[in-house]
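my_file.txt follows (compact mmCIF, C-alpha atoms):
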```
# COMPACT_ATOMS: atom_id res chain seq x y z
CA MET A 171 13.74 -27.76 6.11
CA ARG A 172 15.27 -30.87 4.53
CA THR A 173 15.77 -30.81 0.74
CA ALA A 174 16.35 -33.60 -1.75
CA ASP A 175 20.06 -32.73 -1.73
CA ASP A 176 20.42 -33.20 2.02
CA PRO A 177 21.99 -36.49 3.16
CA ALA A 178 19.61 -39.00 4.73
CA ASP A 179 19.49 -39.44 8.48
CA ILE A 180 21.00 -42.90 9.15
CA VAL A 181 20.78 -45.05 12.27
CA ILE A 182 22.55 -48.39 12.62
CA ILE A 183 21.03 -50.70 15.25
CA THR A 184 23.30 -53.39 16.57
CA GLY A 185 24.12 -55.12 19.85
CA MET A 186 23.45 -58.38 21.63
CA SER A 187 21.04 -60.94 20.22
CA GLY A 188 17.97 -60.94 22.45
CA ALA A 189 18.55 -57.38 23.65
CA GLY A 190 15.70 -55.94 21.57
CA ARG A 191 17.15 -54.97 18.20
CA SER A 192 13.95 -55.89 16.36
CA THR A 193 11.82 -53.93 18.82
CA ALA A 194 14.05 -50.88 18.43
CA ALA A 195 13.82 -51.18 14.65
CA LYS A 196 10.03 -51.51 14.79
CA SER A 197 9.92 -48.35 16.92
CA LEU A 198 11.70 -46.38 14.22
CA GLU A 199 9.50 -47.92 11.54
CA ASP A 200 6.42 -46.74 13.47
CA LEU A 201 7.95 -43.25 13.48
CA GLY A 202 8.14 -43.27 9.69
CA TRP A 203 11.72 -44.41 9.19
CA PHE A 204 12.67 -46.72 6.34
CA VAL A 205 14.05 -49.81 8.10
CA VAL A 206 16.06 -52.76 6.76
CA ASP A 207 16.52 -55.77 9.05
CA ASN A 208 19.65 -57.97 9.16
CA LEU A 209 21.57 -55.94 6.59
CA PRO A 210 25.22 -56.99 6.09
CA PRO A 211 27.45 -54.02 7.01
CA GLY A 212 28.99 -53.98 3.55
CA LEU A 213 25.61 -53.10 2.02
CA LEU A 214 25.10 -49.95 4.11
CA PRO A 215 26.67 -47.66 1.46
CA THR A 216 24.47 -49.29 -1.20
CA MET A 217 21.37 -48.58 0.89
CA VAL A 218 22.40 -44.93 1.22
CA ASP A 219 23.04 -44.67 -2.53
CA LEU A 220 19.55 -46.01 -3.24
CA ALA A 221 18.06 -43.48 -0.82
CA ALA A 222 19.94 -40.68 -2.56
CA ARG A 223 18.19 -41.63 -5.80
CA SER A 224 14.76 -41.29 -4.20
CA ASN A 225 14.81 -37.49 -4.58
CA GLY A 226 14.17 -36.98 -0.89
CA ALA A 227 11.41 -39.59 -0.56
CA VAL A 228 13.61 -41.58 1.86
CA SER A 229 15.07 -39.10 4.33
CA ARG A 230 15.39 -41.26 7.45
CA MET A 231 16.64 -44.82 7.32
CA ALA A 232 17.74 -47.43 9.83
CA ALA A 233 19.46 -50.77 9.44
CA VAL A 234 19.75 -53.66 11.87
CA VAL A 235 23.17 -55.26 11.40
CA ASP A 236 23.80 -58.82 12.54
CA VAL A 237 26.93 -60.14 14.24
CA ARG A 238 26.81 -63.51 12.50
CA SER A 239 29.42 -62.27 10.03
CA ARG A 240 32.77 -63.10 11.65
CA ALA A 241 34.25 -59.96 10.09
CA PHE A 242 31.47 -57.92 11.67
CA SER A 243 33.57 -55.29 13.46
CA THR A 244 35.88 -54.68 10.53
CA ASP A 245 33.01 -54.60 8.04
CA LEU A 246 30.96 -52.17 10.14
CA LYS A 247 33.85 -49.77 10.74
CA SER A 248 34.71 -49.85 7.03
CA ALA A 249 31.07 -49.25 6.04
CA ILE A 250 30.74 -46.28 8.41
CA SER A 251 33.96 -44.82 7.02
CA ASP A 252 32.59 -45.31 3.49
CA LEU A 253 29.40 -43.48 4.47
CA GLY A 254 31.48 -40.59 5.77
CA ALA A 255 33.29 -40.38 2.46
CA ARG A 256 29.86 -40.00 0.81
CA GLY A 257 29.02 -37.10 3.11
CA ALA A 258 26.62 -39.15 5.22
CA THR A 259 26.88 -39.62 8.98
CA ALA A 260 25.52 -42.73 10.67
CA ARG A 261 24.53 -42.94 14.32
CA VAL A 262 25.13 -46.31 15.96
CA VAL A 263 22.68 -47.57 18.59
CA TYR A 264 23.97 -50.50 20.64
CA LEU A 265 21.53 -52.63 22.64
CA GLU A 266 22.69 -54.87 25.46
CA ALA A 267 21.34 -56.74 28.47
CA ALA A 268 22.65 -58.76 31.41
CA GLU A 269 23.58 -62.37 30.71
CA ASP A 270 20.84 -63.90 32.88
CA THR A 271 18.26 -61.73 31.13
CA LEU A 272 19.47 -62.81 27.68
CA VAL A 273 19.45 -66.49 28.72
CA ARG A 274 15.90 -66.14 30.03
CA ARG A 275 14.74 -64.49 26.80
CA PHE A 276 16.26 -67.24 24.64
CA ASP A 277 14.75 -69.93 26.88
CA SER A 278 11.30 -68.32 26.72
CA GLU A 279 11.42 -68.27 22.91
CA ARG A 280 12.94 -71.77 22.77
CA ARG A 281 15.55 -70.88 20.21
CA PRO A 282 19.35 -71.19 20.24
CA HIS A 283 21.77 -68.30 20.29
CA PRO A 284 23.08 -67.71 16.75
CA LEU A 285 26.71 -68.17 17.90
CA GLN A 286 26.39 -71.00 20.41
CA GLY A 287 27.04 -73.78 17.89
CA SER A 288 27.04 -77.09 19.78
CA GLY A 289 27.60 -75.32 23.10
CA ARG A 290 25.30 -73.56 25.54
CA VAL A 291 23.44 -70.28 25.19
CA THR A 292 25.95 -68.70 27.57
CA ASP A 293 28.78 -69.71 25.22
CA GLY A 294 27.09 -67.90 22.35
CA ILE A 295 26.49 -64.81 24.50
CA ALA A 296 30.15 -64.70 25.54
CA ALA A 297 31.34 -65.08 21.94
CA GLU A 298 28.98 -62.37 20.72
CA ARG A 299 29.94 -59.94 23.49
CA GLU A 300 33.59 -60.33 22.54
CA LEU A 301 32.89 -59.77 18.84
CA LEU A 302 30.89 -56.66 19.67
CA ARG A 303 33.35 -55.13 22.14
CA GLU A 304 34.73 -52.58 19.68
CA ALA A 305 31.30 -51.74 18.26
CA ARG A 306 30.00 -50.99 21.75
CA GLY A 307 32.90 -48.66 22.43
CA ASP A 308 32.25 -46.75 19.20
CA ALA A 309 28.46 -46.55 19.62
CA ASP A 310 26.74 -43.18 19.82
CA LEU A 311 24.02 -44.52 22.09
CA VAL A 312 24.12 -47.57 24.38
CA LEU A 313 20.81 -48.83 25.76
CA ASP A 314 20.66 -51.44 28.51
CA THR A 315 17.36 -53.30 28.10
CA THR A 316 17.78 -55.61 31.11
CA ARG A 317 14.92 -54.00 33.01
CA LEU A 318 12.97 -52.64 30.05
CA ASN A 319 9.87 -54.28 28.66
CA VAL A 320 8.87 -53.89 25.01
CA HIS A 321 6.78 -50.78 25.67
CA GLU A 322 9.52 -49.11 27.71
CA LEU A 323 12.14 -49.77 25.03
CA ARG A 324 9.85 -48.28 22.39
CA ALA A 325 9.33 -45.24 24.61
CA ARG A 326 13.10 -44.79 24.97
CA MET A 327 13.55 -44.97 21.20
CA ARG A 328 10.76 -42.45 20.67
CA GLY A 329 12.42 -40.17 23.18
CA PHE A 330 15.69 -40.22 21.26
CA PHE A 331 14.44 -40.33 17.67
CA GLY A 332 10.81 -39.21 17.70
CA GLY A 333 11.68 -35.57 17.10
CA GLY A 334 13.21 -36.19 13.69
CA THR A 335 16.77 -35.26 12.85
CA THR A 336 18.93 -33.38 15.30
CA SER A 337 22.41 -31.96 15.14
CA GLY A 338 22.40 -31.10 18.83
CA LEU A 339 22.90 -33.10 22.00
CA ARG A 340 20.19 -35.11 23.73
CA LEU A 341 20.59 -35.88 27.42
CA SER A 342 18.79 -38.71 29.15
CA VAL A 343 18.66 -38.37 32.95
CA VAL A 344 18.03 -41.77 34.56
CA SER A 345 17.27 -42.18 38.25
CA PHE A 346 18.17 -45.58 39.72
CA GLY A 347 18.66 -47.51 42.94
CA TYR A 348 22.11 -48.81 43.83
CA LYS A 349 20.49 -51.88 45.38
CA TYR A 350 19.38 -52.85 41.86
CA GLY A 351 22.73 -52.20 40.19
CA LEU A 352 24.33 -49.41 38.18
CA PRO A 353 22.88 -48.60 34.74
CA VAL A 354 25.51 -50.04 32.42
CA ASP A 355 24.63 -47.56 29.67
CA ALA A 356 25.41 -44.50 31.82
CA ASP A 357 28.04 -42.03 30.62
CA LEU A 358 28.07 -40.18 33.97
CA VAL A 359 26.92 -41.29 37.44
CA ALA A 360 25.97 -39.04 40.38
CA ASP A 361 25.41 -40.48 43.89
CA MET A 362 22.68 -38.89 46.04
CA ARG A 363 23.36 -41.06 49.08
CA PHE A 364 25.17 -38.12 50.71
CA LEU A 365 21.69 -36.73 51.49
CA PRO A 366 19.44 -38.03 54.31
CA ASN A 367 17.07 -40.75 53.13
CA PRO A 368 13.34 -39.87 53.18
CA HIS A 369 12.70 -43.61 53.54
CA TRP A 370 13.38 -43.21 57.26
CA VAL A 371 10.74 -40.48 57.62
CA PRO A 372 7.49 -42.44 58.18
CA GLU A 373 5.20 -39.84 56.62
CA LEU A 374 7.39 -39.62 53.48
CA ARG A 375 8.18 -43.32 53.01
CA PRO A 376 5.08 -44.15 50.87
CA PHE A 377 5.72 -41.26 48.48
CA THR A 378 8.32 -40.79 45.73
CA GLY A 379 10.58 -37.99 44.58
CA LEU A 380 7.76 -36.85 42.28
CA ASN A 381 5.76 -35.71 45.30
CA ASP A 382 6.29 -32.14 46.49
CA GLU A 383 6.67 -33.23 50.11
CA VAL A 384 9.62 -35.47 49.27
CA ALA A 385 11.22 -32.97 46.90
CA GLN A 386 11.00 -30.22 49.51
CA TYR A 387 12.54 -32.50 52.13
CA VAL A 388 15.42 -33.44 49.81
CA PHE A 389 16.22 -29.88 48.74
CA ASN A 390 16.00 -28.53 52.28
CA GLN A 391 18.96 -30.73 53.21
CA PRO A 392 22.45 -29.15 53.40
CA GLY A 393 24.28 -29.50 50.09
CA ALA A 394 21.30 -30.45 47.90
CA LYS A 395 20.78 -27.11 46.19
CA GLU A 396 24.53 -26.51 45.95
CA PHE A 397 24.98 -29.90 44.27
CA LEU A 398 22.23 -29.12 41.75
CA ASP A 399 23.73 -25.75 40.87
CA ARG A 400 27.30 -26.98 40.46
CA TYR A 401 26.45 -30.25 38.74
CA ALA A 402 24.29 -28.40 36.19
CA GLU A 403 27.22 -26.05 35.53
CA LEU A 404 29.56 -29.02 35.14
CA LEU A 405 27.17 -30.72 32.71
CA HIS A 406 27.13 -27.61 30.52
CA ILE A 407 30.93 -27.79 30.28
CA ILE A 408 30.83 -31.52 29.53
CA ALA A 409 28.00 -31.11 27.03
CA ALA A 410 29.96 -28.47 25.13
CA GLY A 411 32.88 -30.87 24.87
CA TYR A 412 30.66 -33.71 23.74
CA ARG A 413 29.22 -31.50 21.01
CA ARG A 414 32.72 -30.63 19.78
CA GLU A 415 33.52 -34.34 19.65
CA GLY A 416 30.32 -35.11 17.73
CA LYS A 417 28.61 -37.10 20.51
CA ARG A 418 24.83 -36.77 20.23
CA TYR A 419 23.44 -38.85 23.08
CA VAL A 420 24.47 -38.76 26.73
CA THR A 421 22.98 -40.75 29.61
CA ILE A 422 23.35 -39.27 33.08
CA ALA A 423 22.53 -41.64 35.93
CA VAL A 424 21.47 -40.26 39.31
CA GLY A 425 21.35 -42.84 42.07
CA CYS A 426 20.24 -43.36 45.65
CA THR A 427 19.65 -46.51 47.69
CA GLY A 428 16.30 -47.59 46.25
CA GLY A 429 15.79 -45.24 43.31
CA LYS A 430 12.56 -43.92 44.81
CA HIS A 431 13.13 -40.65 46.65
CA ARG A 432 16.41 -38.70 46.43
CA SER A 433 17.50 -39.73 42.95
CA VAL A 434 14.01 -39.13 41.53
CA ALA A 435 13.72 -35.66 43.07
CA MET A 436 17.22 -34.65 41.91
CA SER A 437 16.67 -36.07 38.40
CA GLU A 438 13.46 -34.09 37.99
CA ARG A 439 15.03 -30.85 39.17
CA LEU A 440 18.18 -31.43 37.08
CA THR A 441 16.10 -32.11 33.95
CA ALA A 442 14.09 -28.92 34.50
CA ARG A 443 17.28 -26.89 34.98
CA LEU A 444 18.94 -28.23 31.82
CA ALA A 445 15.76 -27.87 29.75
CA ALA A 446 15.40 -24.25 30.89
CA ASP A 447 18.93 -23.66 29.63
CA GLY A 448 18.03 -25.02 26.19
CA VAL A 449 19.45 -28.54 26.51
CA GLU A 450 17.18 -31.24 25.05
CA THR A 451 16.61 -33.57 28.01
CA VAL A 452 14.36 -36.51 28.89
CA THR A 453 13.90 -38.22 32.25
CA VAL A 454 13.56 -41.93 33.02
CA HIS A 455 12.95 -43.33 36.51
CA ARG A 456 14.31 -46.83 36.16
CA ASP A 457 13.55 -48.32 39.56
CA MET A 458 10.70 -46.19 40.91
CA GLY A 459 7.84 -48.48 41.92
CA ARG A 460 9.98 -51.59 42.42
CA GLU A 461 9.74 -51.49 46.21
```

Rewrite the coordinates I just gave you, this time as structure tokens.
Amino acid sequence: MRTADDPADIVIITGMSGAGRSTAAKSLEDLGWFVVDNLPPGLLPTMVDLAARSNGAVSRMAAVVDVRSRAFSTDLKSAISDLGARGATARVVYLEAAEDTLVRRFDSERRPHPLQGSGRVTDGIAAERELLREARGDADLVLDTTRLNVHELRARMRGFFGGGTTSGLRLSVVSFGYKYGLPVDADLVADMRFLPNPHWVPELRPFTGLNDEVAQYVFNQPGAKEFLDRYAELLHIIAAGYRREGKRYVTIAVGCTGGKHRSVAMSERLTARLAADGVETVTVHRDMGRE
């Protein structure tokens, strides 16, 4: 149980403008977090100090930091280091999306990109992506919102942060279709295209990997069960290393051609296996239903 002397749980939300930072922040606010929007990185230690004086009333806080400060990367790294010196650990969530998606979102809202100046929206996106390059590399959790609507992004945030504080590792297993592109937020990618495709079995084509008929077909193929067993073992080794390095969030992508049959069935079985072994795991089927 958390006491007044325990350090607050801190999440820093950053990333590309238009990628959903405000939605992510609102999700945490709905979960009872104290949220500050557009906080300069240099004020993060001040926010933590104020929380420390609340005698435990503020135990979970989040801040959305904006890239409009040209010294953003340096300021953020310095602020996180300062928090560490105070005994507090901040988790950084980085939101991104494909360029065409960001352009479409800015056009729909009829507002300029904060860094485009007298240029085009694409110029601002390119400048921001370059400024954020180091922050993305240092992030604890990267979320690609290209194909997520507002409700799906909120669900992803609830999946990661809805359980309160955690010192363990949370795995997100994401099924996807290669025809729709690789998930750019994946830490590890597994390819299920070595298995026969149920799409070419007429009676299985309308179903998905969530149906028993499809799952049985997939796991009756040579190599399917062996892959599951050995990949689960490998993930336990990798997870142990991630824990030693302090990484808290890992996204495992499992792909097939359309993201409907093989990848879905394998993701479900892999999630069940990891959860049975005590690993906190959630499943997301990114492209199921797109066909």

Legend entry - Who sits within 6 Å of Asn208 of chain A, only C-alpha atoms, same chain under 2 positions skipped, as number ranges by chain: A: 234-236

Inset, instruction - Would you list the contacts of segment 339-353 of chain A as a PyMOL selection string, taking every protein, DNA or RNA residue within 6 Å and counting all atoms listed in the file, but skipping same-chain residues closer than 6 positions in sequence? - result: chain A and resi 418-429+433-434+450-457

Inset, instruction - Identify which of the residues A:Arg413, A:Arg280, A:Arg375, A:Arg443 lies closest to Asp310 of chain A, counting only C-alpha atoms when measuring atom-to-atom distances. - result: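 Nearest candidate to Asp310 of chain A out of A:Arg413, A:Arg280, A:Arg375, A:Arg443: A:Arg413.
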
Inset, instruction - Determine, counting all atoms listed in the file, which protein, DNA and RNA residues have an atom within 8 Å of an atom of Thr292 of chain A; residues of the same chain fewer than 4 positions away are not included. Present the result as a ChimeraX atom specification. - result: /A:269,273,286,296

Extending 4 Å beyond the listed atoms of segment 297-312 of chain A on each side, what axis-aligned box results? I want centre and edge lengths in Å to one decimal, as lines of an AutoDock Vina configuration file.
```
center_x = 29.4
center_y = -54.1
center_z = 21.3
size_x = 18.7
size_y = 29.9
size_z = 14.1
```

Inset, instruction - Calculate how many Å separate atom CA of Arg414 of chain A from atom CA of Met217 of chain A, rounding to one decimal. - result: 28.4 Å

Legend entry - Gly332 of chain A surroundings by only C-alpha atoms, 12 Å radius, close-in-sequence under 3 positions cut, as number ranges by chain: A: 197-203, 230, 324-329, 335-336, 340

Inset, instruction - Would you mind telling me which residue in A:Val206, A:Ala356, A:Val291, A:Met231 lies nearest to Ala258 of chain A when using all atoms listed in the file? - result: A:Met231

Closest contacts (segment 283-385 of chain A/segment 247-253 of chain A, max 10 Å, all atoms listed in the file) as JSON lines:
```
{"residue": "A:Glu304", "atom": "CA", "partner": "A:Lys247", "partner_atom": "CA", "distance": 9.4}
{"residue": "A:Ala305", "atom": "CA", "partner": "A:Lys247", "partner_atom": "CA", "distance": 8.2}
{"residue": "A:Asp308", "atom": "CA", "partner": "A:Lys247", "partner_atom": "CA", "distance": 9.1}
```

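The closest residue to Val237 of chain A, picked from A:Gly411, A:Pro366, A:Gly185, A:Gly448 and counting all atoms listed in the file, is A:Gly185.
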
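Atom CA of Ala402 of chain A sits 16.5 Å away from atom CA of Arg432 of chain A.
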
Legend entry - Contact residues around His283 of chain A with all atoms listed in the file at 12 Å, ignoring same-chain residues under 5 positions, as a PyMOL selection string: chain A and resi 186-189+237-238+272-277+288-298

Create the file for the chosen residues now, containing C-alpha atoms and written as a CSV table (one decimal), in the frame of the given file.
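And here's out16.csv as it stands now:
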```
chain,number,residue,atom,x,y,z
A,186,MET,CA,23.4,-58.4,21.6
A,187,SER,CA,21.0,-60.9,20.2
A,188,GLY,CA,18.0,-60.9,22.4
A,189,ALA,CA,18.6,-57.4,23.6
A,237,VAL,CA,26.9,-60.1,14.2
A,238,ARG,CA,26.8,-63.5,12.5
A,272,LEU,CA,19.5,-62.8,27.7
A,273,VAL,CA,19.4,-66.5,28.7
A,274,ARG,CA,15.9,-66.1,30.0
A,275,ARG,CA,14.7,-64.5,26.8
A,276,PHE,CA,16.3,-67.2,24.6
A,277,ASP,CA,14.8,-69.9,26.9
A,288,SER,CA,27.0,-77.1,19.8
A,289,GLY,CA,27.6,-75.3,23.1
A,290,ARG,CA,25.3,-73.6,25.5
A,291,VAL,CA,23.4,-70.3,25.2
A,292,THR,CA,26.0,-68.7,27.6
A,293,ASP,CA,28.8,-69.7,25.2
A,294,GLY,CA,27.1,-67.9,22.4
A,295,ILE,CA,26.5,-64.8,24.5
A,296,ALA,CA,30.2,-64.7,25.5
A,297,ALA,CA,31.3,-65.1,21.9
A,298,GLU,CA,29.0,-62.4,20.7
```

Legend entry - Pairwise distance for atom CA of Leu365 of chain A and atom CA of Leu444 of chain A, rounded to one decimal in Å: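 For atom CA of Leu365 of chain A relative to atom CA of Leu444 of chain A, the distance reads 21.6 Å.
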
Inset, instruction - Pull the neighbourhood of (26.0, -30.1, 42.0) for me: all residues within 12 Å in file coordinates, counting all atoms listed in the file, as a list in words. - result: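 Within the cut-off we find Ala360, Asp361, Met362, Phe364, Phe389, Pro392, Gly393, Ala394, Lys395, Glu396, Phe397, Leu398, Asp399, Arg400, Tyr401, Ala402, Glu403, Leu404, Leu405, His406, Val424, Met436, Ser437, Arg439, Leu440 and Arg443 of chain A.
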
Legend entry - Residue nearest Asp270 of chain A among A:Thr316, A:Leu358, A:Ala385, A:Ala221 (counting all atoms listed in the file): A:Thr316
